[in-house]
$ cat query21.cif   # mmCIF, N, CA and C atoms
data_coords
#
loop_
_atom_site.label_atom_id
_atom_site.label_comp_id
_atom_site.auth_asym_id
_atom_site.auth_seq_id
_atom_site.Cartn_x
_atom_site.Cartn_y
_atom_site.Cartn_z
N MET A 1 -23.44 22.30 -0.72
CA MET A 1 -23.57 20.86 -0.74
C MET A 1 -24.53 20.39 -1.83
N ASN A 2 -25.62 21.11 -1.96
CA ASN A 2 -26.62 20.69 -2.95
C ASN A 2 -26.07 20.74 -4.36
N ASP A 3 -25.29 21.77 -4.67
CA ASP A 3 -24.70 21.88 -6.02
C ASP A 3 -23.74 20.73 -6.28
N VAL A 4 -22.92 20.42 -5.28
CA VAL A 4 -21.97 19.31 -5.43
C VAL A 4 -22.72 18.00 -5.56
N ALA A 5 -23.71 17.79 -4.72
CA ALA A 5 -24.50 16.56 -4.76
C ALA A 5 -25.12 16.36 -6.13
N ARG A 6 -25.72 17.39 -6.66
CA ARG A 6 -26.36 17.31 -7.98
C ARG A 6 -25.32 17.01 -9.06
N GLU A 7 -24.18 17.67 -8.99
CA GLU A 7 -23.15 17.51 -10.02
C GLU A 7 -22.60 16.09 -10.07
N ILE A 8 -22.41 15.47 -8.91
CA ILE A 8 -21.79 14.14 -8.90
C ILE A 8 -22.80 13.01 -8.68
N GLY A 9 -24.08 13.36 -8.58
CA GLY A 9 -25.11 12.33 -8.51
C GLY A 9 -25.26 11.65 -7.17
N LEU A 10 -24.99 12.38 -6.10
CA LEU A 10 -25.17 11.84 -4.74
C LEU A 10 -26.28 12.60 -4.04
N ASP A 11 -26.78 12.02 -2.96
CA ASP A 11 -27.70 12.79 -2.14
C ASP A 11 -26.90 13.80 -1.32
N GLN A 12 -27.59 14.74 -0.70
CA GLN A 12 -26.93 15.81 0.04
C GLN A 12 -26.06 15.26 1.16
N SER A 13 -26.54 14.24 1.84
CA SER A 13 -25.78 13.65 2.94
C SER A 13 -24.47 13.02 2.46
N GLY A 14 -24.54 12.29 1.34
CA GLY A 14 -23.34 11.67 0.79
C GLY A 14 -22.33 12.71 0.34
N ALA A 15 -22.83 13.77 -0.31
CA ALA A 15 -21.94 14.85 -0.76
C ALA A 15 -21.29 15.53 0.44
N SER A 16 -22.06 15.73 1.50
CA SER A 16 -21.52 16.36 2.70
C SER A 16 -20.39 15.53 3.30
N ARG A 17 -20.58 14.22 3.37
CA ARG A 17 -19.52 13.34 3.90
C ARG A 17 -18.29 13.37 2.99
N LEU A 18 -18.52 13.33 1.68
CA LEU A 18 -17.41 13.36 0.73
C LEU A 18 -16.61 14.65 0.86
N ILE A 19 -17.31 15.77 0.92
CA ILE A 19 -16.64 17.07 1.06
C ILE A 19 -15.92 17.16 2.39
N GLY A 20 -16.55 16.68 3.44
CA GLY A 20 -15.90 16.68 4.76
C GLY A 20 -14.62 15.87 4.76
N SER A 21 -14.66 14.72 4.13
CA SER A 21 -13.45 13.88 4.06
C SER A 21 -12.36 14.56 3.25
N ALA A 22 -12.74 15.19 2.13
CA ALA A 22 -11.76 15.89 1.30
C ALA A 22 -11.14 17.06 2.06
N ALA A 23 -11.96 17.77 2.82
CA ALA A 23 -11.44 18.89 3.62
C ALA A 23 -10.51 18.38 4.71
N LYS A 24 -10.91 17.30 5.38
CA LYS A 24 -10.09 16.73 6.44
C LYS A 24 -8.74 16.24 5.90
N ALA A 25 -8.75 15.74 4.66
CA ALA A 25 -7.51 15.25 4.03
C ALA A 25 -6.65 16.39 3.49
N GLY A 26 -7.20 17.63 3.52
CA GLY A 26 -6.42 18.77 3.05
C GLY A 26 -6.57 19.07 1.57
N HIS A 27 -7.57 18.46 0.92
CA HIS A 27 -7.77 18.69 -0.51
C HIS A 27 -8.72 19.84 -0.80
N LEU A 28 -9.50 20.22 0.19
CA LEU A 28 -10.43 21.35 0.07
C LEU A 28 -10.35 22.22 1.31
N THR A 29 -10.69 23.48 1.14
CA THR A 29 -10.91 24.34 2.29
C THR A 29 -12.36 24.79 2.22
N MET A 30 -12.97 24.97 3.37
CA MET A 30 -14.36 25.41 3.44
C MET A 30 -14.41 26.74 4.17
N VAL A 31 -15.12 27.70 3.60
CA VAL A 31 -15.28 29.01 4.22
C VAL A 31 -16.75 29.41 4.14
N VAL A 32 -17.16 30.27 5.05
CA VAL A 32 -18.51 30.81 5.02
C VAL A 32 -18.62 31.73 3.81
N ALA A 33 -19.72 31.59 3.08
CA ALA A 33 -19.92 32.40 1.88
C ALA A 33 -20.14 33.86 2.25
N PRO A 34 -19.47 34.75 1.54
CA PRO A 34 -19.69 36.18 1.80
C PRO A 34 -21.16 36.53 1.53
N GLY A 35 -21.76 37.22 2.45
CA GLY A 35 -23.13 37.67 2.26
C GLY A 35 -24.21 36.68 2.64
N ASP A 36 -23.84 35.44 2.97
CA ASP A 36 -24.83 34.44 3.36
C ASP A 36 -24.17 33.42 4.29
N ALA A 37 -24.27 33.68 5.58
CA ALA A 37 -23.60 32.84 6.58
C ALA A 37 -24.15 31.41 6.62
N ARG A 38 -25.29 31.18 5.97
CA ARG A 38 -25.85 29.82 5.94
C ARG A 38 -25.14 28.93 4.91
N ARG A 39 -24.43 29.55 3.99
CA ARG A 39 -23.77 28.80 2.92
C ARG A 39 -22.28 28.69 3.16
N ARG A 40 -21.70 27.62 2.66
CA ARG A 40 -20.25 27.46 2.70
C ARG A 40 -19.74 27.30 1.28
N GLU A 41 -18.54 27.77 1.06
CA GLU A 41 -17.90 27.64 -0.25
C GLU A 41 -16.65 26.78 -0.12
N ALA A 42 -16.49 25.88 -1.06
CA ALA A 42 -15.32 25.00 -1.08
C ALA A 42 -14.32 25.50 -2.10
N SER A 43 -13.06 25.41 -1.74
CA SER A 43 -11.97 25.74 -2.66
C SER A 43 -10.97 24.60 -2.64
N VAL A 44 -10.45 24.29 -3.81
CA VAL A 44 -9.45 23.23 -3.92
C VAL A 44 -8.10 23.78 -3.47
N THR A 45 -7.42 23.03 -2.61
CA THR A 45 -6.09 23.42 -2.13
C THR A 45 -5.03 22.99 -3.13
N SER A 46 -3.80 23.39 -2.89
CA SER A 46 -2.71 22.95 -3.78
C SER A 46 -2.55 21.43 -3.71
N ALA A 47 -2.75 20.85 -2.53
CA ALA A 47 -2.69 19.38 -2.41
C ALA A 47 -3.82 18.74 -3.22
N GLY A 48 -4.99 19.37 -3.20
CA GLY A 48 -6.12 18.86 -3.98
C GLY A 48 -5.85 18.95 -5.48
N ARG A 49 -5.28 20.08 -5.90
CA ARG A 49 -4.94 20.23 -7.32
C ARG A 49 -3.91 19.19 -7.74
N SER A 50 -2.95 18.94 -6.89
CA SER A 50 -1.93 17.93 -7.18
C SER A 50 -2.58 16.55 -7.32
N MET A 51 -3.53 16.24 -6.44
CA MET A 51 -4.22 14.96 -6.51
C MET A 51 -5.01 14.85 -7.82
N VAL A 52 -5.69 15.92 -8.21
CA VAL A 52 -6.45 15.92 -9.46
C VAL A 52 -5.52 15.76 -10.65
N ASP A 53 -4.39 16.46 -10.64
CA ASP A 53 -3.41 16.32 -11.72
C ASP A 53 -2.91 14.88 -11.81
N ASP A 54 -2.61 14.27 -10.66
CA ASP A 54 -2.16 12.87 -10.64
C ASP A 54 -3.25 11.95 -11.21
N ALA A 55 -4.50 12.21 -10.85
CA ALA A 55 -5.61 11.39 -11.34
C ALA A 55 -5.75 11.53 -12.85
N HIS A 56 -5.59 12.74 -13.36
CA HIS A 56 -5.69 12.95 -14.81
C HIS A 56 -4.55 12.23 -15.54
N ARG A 57 -3.35 12.29 -14.98
CA ARG A 57 -2.22 11.57 -15.60
C ARG A 57 -2.49 10.07 -15.62
N TRP A 58 -3.02 9.55 -14.51
CA TRP A 58 -3.34 8.12 -14.43
C TRP A 58 -4.40 7.76 -15.46
N GLN A 59 -5.44 8.59 -15.59
CA GLN A 59 -6.49 8.32 -16.58
C GLN A 59 -5.92 8.28 -18.00
N GLU A 60 -5.06 9.23 -18.30
CA GLU A 60 -4.44 9.26 -19.63
C GLU A 60 -3.60 8.01 -19.86
N GLU A 61 -2.86 7.62 -18.85
CA GLU A 61 -2.01 6.43 -18.94
C GLU A 61 -2.86 5.18 -19.21
N ILE A 62 -3.95 5.03 -18.49
CA ILE A 62 -4.83 3.88 -18.66
C ILE A 62 -5.49 3.92 -20.04
N PHE A 63 -5.91 5.10 -20.47
CA PHE A 63 -6.53 5.22 -21.79
C PHE A 63 -5.58 4.74 -22.88
N VAL A 64 -4.34 5.13 -22.80
CA VAL A 64 -3.34 4.69 -23.79
C VAL A 64 -3.18 3.17 -23.73
N ARG A 65 -3.17 2.62 -22.52
CA ARG A 65 -3.04 1.16 -22.38
C ARG A 65 -4.27 0.41 -22.89
N LEU A 66 -5.44 1.05 -22.81
CA LEU A 66 -6.68 0.42 -23.29
C LEU A 66 -6.86 0.52 -24.80
N THR A 67 -6.09 1.38 -25.43
CA THR A 67 -6.28 1.64 -26.86
C THR A 67 -5.01 1.40 -27.67
N PRO A 68 -4.35 0.27 -27.45
CA PRO A 68 -3.13 0.04 -28.23
C PRO A 68 -3.48 -0.07 -29.71
N GLY A 69 -2.63 0.51 -30.53
CA GLY A 69 -2.85 0.46 -31.96
C GLY A 69 -3.79 1.54 -32.49
N TRP A 70 -4.42 2.30 -31.59
CA TRP A 70 -5.28 3.40 -32.06
C TRP A 70 -4.39 4.55 -32.52
N SER A 71 -4.78 5.17 -33.59
CA SER A 71 -4.05 6.36 -34.04
C SER A 71 -4.40 7.53 -33.14
N ASP A 72 -3.57 8.57 -33.17
CA ASP A 72 -3.87 9.79 -32.41
C ASP A 72 -5.21 10.37 -32.85
N THR A 73 -5.50 10.28 -34.14
CA THR A 73 -6.77 10.80 -34.65
C THR A 73 -7.95 10.04 -34.05
N LYS A 74 -7.86 8.72 -34.01
CA LYS A 74 -8.94 7.91 -33.45
C LYS A 74 -9.13 8.23 -31.97
N ARG A 75 -8.04 8.41 -31.23
CA ARG A 75 -8.13 8.76 -29.82
C ARG A 75 -8.81 10.12 -29.64
N ARG A 76 -8.41 11.10 -30.45
CA ARG A 76 -9.02 12.44 -30.36
C ARG A 76 -10.50 12.40 -30.71
N GLU A 77 -10.86 11.62 -31.73
CA GLU A 77 -12.28 11.51 -32.12
C GLU A 77 -13.10 10.86 -31.01
N PHE A 78 -12.55 9.83 -30.38
CA PHE A 78 -13.23 9.18 -29.27
C PHE A 78 -13.40 10.16 -28.11
N GLN A 79 -12.34 10.88 -27.79
CA GLN A 79 -12.40 11.87 -26.72
C GLN A 79 -13.48 12.92 -27.02
N GLN A 80 -13.52 13.41 -28.24
CA GLN A 80 -14.52 14.41 -28.61
C GLN A 80 -15.94 13.84 -28.51
N ALA A 81 -16.10 12.58 -28.91
CA ALA A 81 -17.41 11.94 -28.80
C ALA A 81 -17.85 11.86 -27.34
N MET A 82 -16.93 11.56 -26.44
CA MET A 82 -17.25 11.50 -25.01
C MET A 82 -17.61 12.88 -24.48
N VAL A 83 -16.90 13.90 -24.90
CA VAL A 83 -17.21 15.28 -24.49
C VAL A 83 -18.60 15.66 -24.99
N ASP A 84 -18.90 15.30 -26.23
CA ASP A 84 -20.22 15.59 -26.79
C ASP A 84 -21.32 14.90 -25.98
N LEU A 85 -21.09 13.65 -25.59
CA LEU A 85 -22.07 12.93 -24.77
C LEU A 85 -22.28 13.61 -23.42
N MET A 86 -21.18 14.04 -22.79
CA MET A 86 -21.31 14.72 -21.49
C MET A 86 -22.06 16.03 -21.65
N ASP A 87 -21.76 16.78 -22.70
CA ASP A 87 -22.47 18.04 -22.95
C ASP A 87 -23.96 17.78 -23.14
N SER A 88 -24.30 16.73 -23.88
CA SER A 88 -25.71 16.39 -24.07
C SER A 88 -26.36 16.01 -22.76
N SER A 89 -25.63 15.30 -21.92
CA SER A 89 -26.16 14.91 -20.61
C SER A 89 -26.45 16.14 -19.76
N TYR A 90 -25.52 17.10 -19.74
CA TYR A 90 -25.74 18.34 -18.98
C TYR A 90 -26.94 19.09 -19.53
N ALA A 91 -27.09 19.13 -20.85
CA ALA A 91 -28.21 19.85 -21.46
C ALA A 91 -29.54 19.21 -21.07
N MET A 92 -29.57 17.88 -20.94
CA MET A 92 -30.80 17.19 -20.53
C MET A 92 -31.19 17.56 -19.10
N ASP A 93 -30.19 17.78 -18.25
CA ASP A 93 -30.45 18.12 -16.85
C ASP A 93 -30.91 19.56 -16.68
N ALA A 94 -30.59 20.40 -17.66
CA ALA A 94 -30.93 21.84 -17.53
C ALA A 94 -32.41 22.10 -17.74
#

$ encode --input "query21.cif" --output "structure tokens"
Amino acid sequence: MNDVAREIGLDQSGASRLIGSAAKAGHLTMVVAPGDARRREASVTSAGRSMVDDAHRWQEEIFVRLTPGWSDTKRREFQQAMVDLMDSSYAMDA
């Protein structure tokens, strides 16, 4: 829970509720971690992967609609700039 909470910027309680809801909806499975019964490990189910794929398709669709007239090069450069910003953000947290 703590790793998920930190990654998505929620407190542990919020992450726990989010993960519980995702598991209840069938998007995640939770199992006891091998070697440490106090920990649980989450795995994405096929339904969860399908939901993520649908979300990515929707994001791409919206991006294209938000950038009419942009060349493929401009879109790729913008995407790379966003990736660079996220990488810098992760480096600041480390």

$ resolve_selection --input "query21.cif" --expression "the PyMOL selection byres ((chain A and resi 21-29) around 6)" --output "ChimeraX atom specification"
/A:16-20,30-31,41-45,47-48

$ atom_distance --input "query21.cif" --atom1 "atom N of A:Leu85" --atom2 "atom CA of A:Asp72"
18.9 Å

$ atom_distance --input "query21.cif" --atom1 "atom C of A:Asn2" --atom2 "atom C of A:Gly14"
10.0 Å

$ select_by_dssp --input "query21.cif" --residues "chain A" --states "alpha helix (DSSP H)" --output "mmCIF file with N, CA and C atoms, in the coordinates of the input"
data_model
loop_
_atom_site.group_PDB
_atom_site.id
_atom_site.type_symbol
_atom_site.label_atom_id
_atom_site.label_comp_id
_atom_site.auth_asym_id
_atom_site.auth_seq_id
_atom_site.Cartn_x
_atom_site.Cartn_y
_atom_site.Cartn_z
ATOM 1 N N ASN A 2 -25.620 21.110 -1.960
ATOM 2 C CA ASN A 2 -26.620 20.690 -2.950
ATOM 3 C C ASN A 2 -26.070 20.740 -4.360
ATOM 4 N N ASP A 3 -25.290 21.770 -4.670
ATOM 5 C CA ASP A 3 -24.700 21.880 -6.020
ATOM 6 C C ASP A 3 -23.740 20.730 -6.280
ATOM 7 N N VAL A 4 -22.920 20.420 -5.280
ATOM 8 C CA VAL A 4 -21.970 19.310 -5.430
ATOM 9 C C VAL A 4 -22.720 18.000 -5.560
ATOM 10 N N ALA A 5 -23.710 17.790 -4.720
ATOM 11 C CA ALA A 5 -24.500 16.560 -4.760
ATOM 12 C C ALA A 5 -25.120 16.360 -6.130
ATOM 13 N N ARG A 6 -25.720 17.390 -6.660
ATOM 14 C CA ARG A 6 -26.360 17.310 -7.980
ATOM 15 C C ARG A 6 -25.320 17.010 -9.060
ATOM 16 N N GLU A 7 -24.180 17.670 -8.990
ATOM 17 C CA GLU A 7 -23.150 17.510 -10.020
ATOM 18 C C GLU A 7 -22.600 16.090 -10.070
ATOM 19 N N ILE A 8 -22.410 15.470 -8.910
ATOM 20 C CA ILE A 8 -21.790 14.140 -8.900
ATOM 21 C C ILE A 8 -22.800 13.010 -8.680
ATOM 22 N N GLN A 12 -27.590 14.740 -0.700
ATOM 23 C CA GLN A 12 -26.930 15.810 0.040
ATOM 24 C C GLN A 12 -26.060 15.260 1.160
ATOM 25 N N SER A 13 -26.540 14.240 1.840
ATOM 26 C CA SER A 13 -25.780 13.650 2.940
ATOM 27 C C SER A 13 -24.470 13.020 2.460
ATOM 28 N N GLY A 14 -24.540 12.290 1.340
ATOM 29 C CA GLY A 14 -23.340 11.670 0.790
ATOM 30 C C GLY A 14 -22.330 12.710 0.340
ATOM 31 N N ALA A 15 -22.830 13.770 -0.310
ATOM 32 C CA ALA A 15 -21.940 14.850 -0.760
ATOM 33 C C ALA A 15 -21.290 15.530 0.440
ATOM 34 N N SER A 16 -22.060 15.730 1.500
ATOM 35 C CA SER A 16 -21.520 16.360 2.700
ATOM 36 C C SER A 16 -20.390 15.530 3.300
ATOM 37 N N ARG A 17 -20.580 14.220 3.370
ATOM 38 C CA ARG A 17 -19.520 13.340 3.900
ATOM 39 C C ARG A 17 -18.290 13.370 2.990
ATOM 40 N N LEU A 18 -18.520 13.330 1.680
ATOM 41 C CA LEU A 18 -17.410 13.360 0.730
ATOM 42 C C LEU A 18 -16.610 14.650 0.860
ATOM 43 N N ILE A 19 -17.310 15.770 0.920
ATOM 44 C CA ILE A 19 -16.640 17.070 1.060
ATOM 45 C C ILE A 19 -15.920 17.160 2.390
ATOM 46 N N GLY A 20 -16.550 16.680 3.440
ATOM 47 C CA GLY A 20 -15.900 16.680 4.760
ATOM 48 C C GLY A 20 -14.620 15.870 4.760
ATOM 49 N N SER A 21 -14.660 14.720 4.130
ATOM 50 C CA SER A 21 -13.450 13.880 4.060
ATOM 51 C C SER A 21 -12.360 14.560 3.250
ATOM 52 N N ALA A 22 -12.740 15.190 2.130
ATOM 53 C CA ALA A 22 -11.760 15.890 1.300
ATOM 54 C C ALA A 22 -11.140 17.060 2.060
ATOM 55 N N ALA A 23 -11.960 17.770 2.820
ATOM 56 C CA ALA A 23 -11.440 18.890 3.620
ATOM 57 C C ALA A 23 -10.510 18.380 4.710
ATOM 58 N N LYS A 24 -10.910 17.300 5.380
ATOM 59 C CA LYS A 24 -10.090 16.730 6.440
ATOM 60 C C LYS A 24 -8.740 16.240 5.900
ATOM 61 N N SER A 46 -3.800 23.390 -2.890
ATOM 62 C CA SER A 46 -2.710 22.950 -3.780
ATOM 63 C C SER A 46 -2.550 21.430 -3.710
ATOM 64 N N ALA A 47 -2.750 20.850 -2.530
ATOM 65 C CA ALA A 47 -2.690 19.380 -2.410
ATOM 66 C C ALA A 47 -3.820 18.740 -3.220
ATOM 67 N N GLY A 48 -4.990 19.370 -3.200
ATOM 68 C CA GLY A 48 -6.120 18.860 -3.980
ATOM 69 C C GLY A 48 -5.850 18.950 -5.480
ATOM 70 N N ARG A 49 -5.280 20.080 -5.900
ATOM 71 C CA ARG A 49 -4.940 20.230 -7.320
ATOM 72 C C ARG A 49 -3.910 19.190 -7.740
ATOM 73 N N SER A 50 -2.950 18.940 -6.890
ATOM 74 C CA SER A 50 -1.930 17.930 -7.180
ATOM 75 C C SER A 50 -2.580 16.550 -7.320
ATOM 76 N N MET A 51 -3.530 16.240 -6.440
ATOM 77 C CA MET A 51 -4.220 14.960 -6.510
ATOM 78 C C MET A 51 -5.010 14.850 -7.820
ATOM 79 N N VAL A 52 -5.690 15.920 -8.210
ATOM 80 C CA VAL A 52 -6.450 15.920 -9.460
ATOM 81 C C VAL A 52 -5.520 15.760 -10.650
ATOM 82 N N ASP A 53 -4.390 16.460 -10.640
ATOM 83 C CA ASP A 53 -3.410 16.320 -11.720
ATOM 84 C C ASP A 53 -2.910 14.880 -11.810
ATOM 85 N N ASP A 54 -2.610 14.270 -10.660
ATOM 86 C CA ASP A 54 -2.160 12.870 -10.640
ATOM 87 C C ASP A 54 -3.250 11.950 -11.210
ATOM 88 N N ALA A 55 -4.500 12.210 -10.850
ATOM 89 C CA ALA A 55 -5.610 11.390 -11.340
ATOM 90 C C ALA A 55 -5.750 11.530 -12.850
ATOM 91 N N HIS A 56 -5.590 12.740 -13.360
ATOM 92 C CA HIS A 56 -5.690 12.950 -14.810
ATOM 93 C C HIS A 56 -4.550 12.230 -15.540
ATOM 94 N N ARG A 57 -3.350 12.290 -14.980
ATOM 95 C CA ARG A 57 -2.220 11.570 -15.600
ATOM 96 C C ARG A 57 -2.490 10.070 -15.620
ATOM 97 N N TRP A 58 -3.020 9.550 -14.510
ATOM 98 C CA TRP A 58 -3.340 8.120 -14.430
ATOM 99 C C TRP A 58 -4.400 7.760 -15.460
ATOM 100 N N GLN A 59 -5.440 8.590 -15.590
ATOM 101 C CA GLN A 59 -6.490 8.320 -16.580
ATOM 102 C C GLN A 59 -5.920 8.280 -18.000
ATOM 103 N N GLU A 60 -5.060 9.230 -18.300
ATOM 104 C CA GLU A 60 -4.440 9.260 -19.630
ATOM 105 C C GLU A 60 -3.600 8.010 -19.860
ATOM 106 N N GLU A 61 -2.860 7.620 -18.850
ATOM 107 C CA GLU A 61 -2.010 6.430 -18.940
ATOM 108 C C GLU A 61 -2.860 5.180 -19.210
ATOM 109 N N ILE A 62 -3.950 5.030 -18.490
ATOM 110 C CA ILE A 62 -4.830 3.880 -18.660
ATOM 111 C C ILE A 62 -5.490 3.920 -20.040
ATOM 112 N N PHE A 63 -5.910 5.100 -20.470
ATOM 113 C CA PHE A 63 -6.530 5.220 -21.790
ATOM 114 C C PHE A 63 -5.580 4.740 -22.880
ATOM 115 N N VAL A 64 -4.340 5.130 -22.800
ATOM 116 C CA VAL A 64 -3.340 4.690 -23.790
ATOM 117 C C VAL A 64 -3.180 3.170 -23.730
ATOM 118 N N ARG A 65 -3.170 2.620 -22.520
ATOM 119 C CA ARG A 65 -3.040 1.160 -22.380
ATOM 120 C C ARG A 65 -4.270 0.410 -22.890
ATOM 121 N N LEU A 66 -5.440 1.050 -22.810
ATOM 122 C CA LEU A 66 -6.680 0.420 -23.290
ATOM 123 C C LEU A 66 -6.860 0.520 -24.800
ATOM 124 N N ASP A 72 -3.570 8.570 -33.170
ATOM 125 C CA ASP A 72 -3.870 9.790 -32.410
ATOM 126 C C ASP A 72 -5.210 10.370 -32.850
ATOM 127 N N THR A 73 -5.500 10.280 -34.140
ATOM 128 C CA THR A 73 -6.770 10.800 -34.650
ATOM 129 C C THR A 73 -7.950 10.040 -34.050
ATOM 130 N N LYS A 74 -7.860 8.720 -34.010
ATOM 131 C CA LYS A 74 -8.940 7.910 -33.450
ATOM 132 C C LYS A 74 -9.130 8.230 -31.970
ATOM 133 N N ARG A 75 -8.040 8.410 -31.230
ATOM 134 C CA ARG A 75 -8.130 8.760 -29.820
ATOM 135 C C ARG A 75 -8.810 10.120 -29.640
ATOM 136 N N ARG A 76 -8.410 11.100 -30.450
ATOM 137 C CA ARG A 76 -9.020 12.440 -30.360
ATOM 138 C C ARG A 76 -10.500 12.400 -30.710
ATOM 139 N N GLU A 77 -10.860 11.620 -31.730
ATOM 140 C CA GLU A 77 -12.280 11.510 -32.120
ATOM 141 C C GLU A 77 -13.100 10.860 -31.010
ATOM 142 N N PHE A 78 -12.550 9.830 -30.380
ATOM 143 C CA PHE A 78 -13.230 9.180 -29.270
ATOM 144 C C PHE A 78 -13.400 10.160 -28.110
ATOM 145 N N GLN A 79 -12.340 10.880 -27.790
ATOM 146 C CA GLN A 79 -12.400 11.870 -26.720
ATOM 147 C C GLN A 79 -13.480 12.920 -27.020
ATOM 148 N N GLN A 80 -13.520 13.410 -28.240
ATOM 149 C CA GLN A 80 -14.520 14.410 -28.610
ATOM 150 C C GLN A 80 -15.940 13.840 -28.510
ATOM 151 N N ALA A 81 -16.100 12.580 -28.910
ATOM 152 C CA ALA A 81 -17.410 11.940 -28.800
ATOM 153 C C ALA A 81 -17.850 11.860 -27.340
ATOM 154 N N MET A 82 -16.930 11.560 -26.440
ATOM 155 C CA MET A 82 -17.250 11.500 -25.010
ATOM 156 C C MET A 82 -17.610 12.880 -24.480
ATOM 157 N N VAL A 83 -16.900 13.900 -24.900
ATOM 158 C CA VAL A 83 -17.210 15.280 -24.490
ATOM 159 C C VAL A 83 -18.600 15.660 -24.990
ATOM 160 N N ASP A 84 -18.900 15.300 -26.230
ATOM 161 C CA ASP A 84 -20.220 15.590 -26.790
ATOM 162 C C ASP A 84 -21.320 14.900 -25.980
ATOM 163 N N LEU A 85 -21.090 13.650 -25.590
ATOM 164 C CA LEU A 85 -22.070 12.930 -24.770
ATOM 165 C C LEU A 85 -22.280 13.610 -23.420
ATOM 166 N N MET A 86 -21.180 14.040 -22.790
ATOM 167 C CA MET A 86 -21.310 14.720 -21.490
ATOM 168 C C MET A 86 -22.060 16.030 -21.650
ATOM 169 N N ASP A 87 -21.760 16.780 -22.700
ATOM 170 C CA ASP A 87 -22.470 18.040 -22.950
ATOM 171 C C ASP A 87 -23.960 17.780 -23.140
ATOM 172 N N SER A 88 -24.300 16.730 -23.880
ATOM 173 C CA SER A 88 -25.710 16.390 -24.070
ATOM 174 C C SER A 88 -26.360 16.010 -22.760
ATOM 175 N N SER A 89 -25.630 15.300 -21.920
ATOM 176 C CA SER A 89 -26.160 14.910 -20.610
ATOM 177 C C SER A 89 -26.450 16.140 -19.760
ATOM 178 N N TYR A 90 -25.520 17.100 -19.740
ATOM 179 C CA TYR A 90 -25.740 18.340 -18.980
ATOM 180 C C TYR A 90 -26.940 19.090 -19.530
ATOM 181 N N ALA A 91 -27.090 19.130 -20.850
ATOM 182 C CA ALA A 91 -28.210 19.850 -21.460
ATOM 183 C C ALA A 91 -29.540 19.210 -21.070
ATOM 184 N N MET A 92 -29.570 17.880 -20.940
ATOM 185 C CA MET A 92 -30.800 17.190 -20.530
ATOM 186 C C MET A 92 -31.190 17.560 -19.100
ATOM 187 N N ASP A 93 -30.190 17.780 -18.250
ATOM 188 C CA ASP A 93 -30.450 18.120 -16.850
ATOM 189 C C ASP A 93 -30.910 19.560 -16.680
#

$ select_by_dssp --input "query21.cif" --residues "chain A" --states "strand (DSSP E or B)" --output "list of chain:residue names"
A:Leu28, A:Thr29, A:Met30, A:Val31, A:Val32, A:Ala33, A:Asp36, A:Ala37, A:Arg38, A:Arg39, A:Arg40, A:Glu41, A:Ala42, A:Ser43, A:Val44

$ atom_distance --input "query21.cif" --atom1 "atom CA of A:Met1" --atom2 "atom C of A:Arg40"
7.8 Å

$ closest_residue --input "query21.cif" --among "A:Phe63, A:Arg38, A:Asp54, A:Ala91" --to "A:Phe78" --atoms "only C-alpha atoms"
A:Phe63

$ axis_aligned_box --input "query21.cif" --around "stretch 86-93 of chain A" --padding-each-side "4 Å" --output "lines of an AutoDock Vina configuration file"
center_x = -26.2
center_y = 16.9
center_z = -20.4
size_x = 18.0
size_y = 13.8
size_z = 15.4

$ residues_around --input "query21.cif" --residues "A:Val4" --least-positions-apart "5" --cutoff "8 Å" --atoms "all atoms listed in the file" --output "MDAnalysis selection string"
chainID A and resid 9:12 14:16
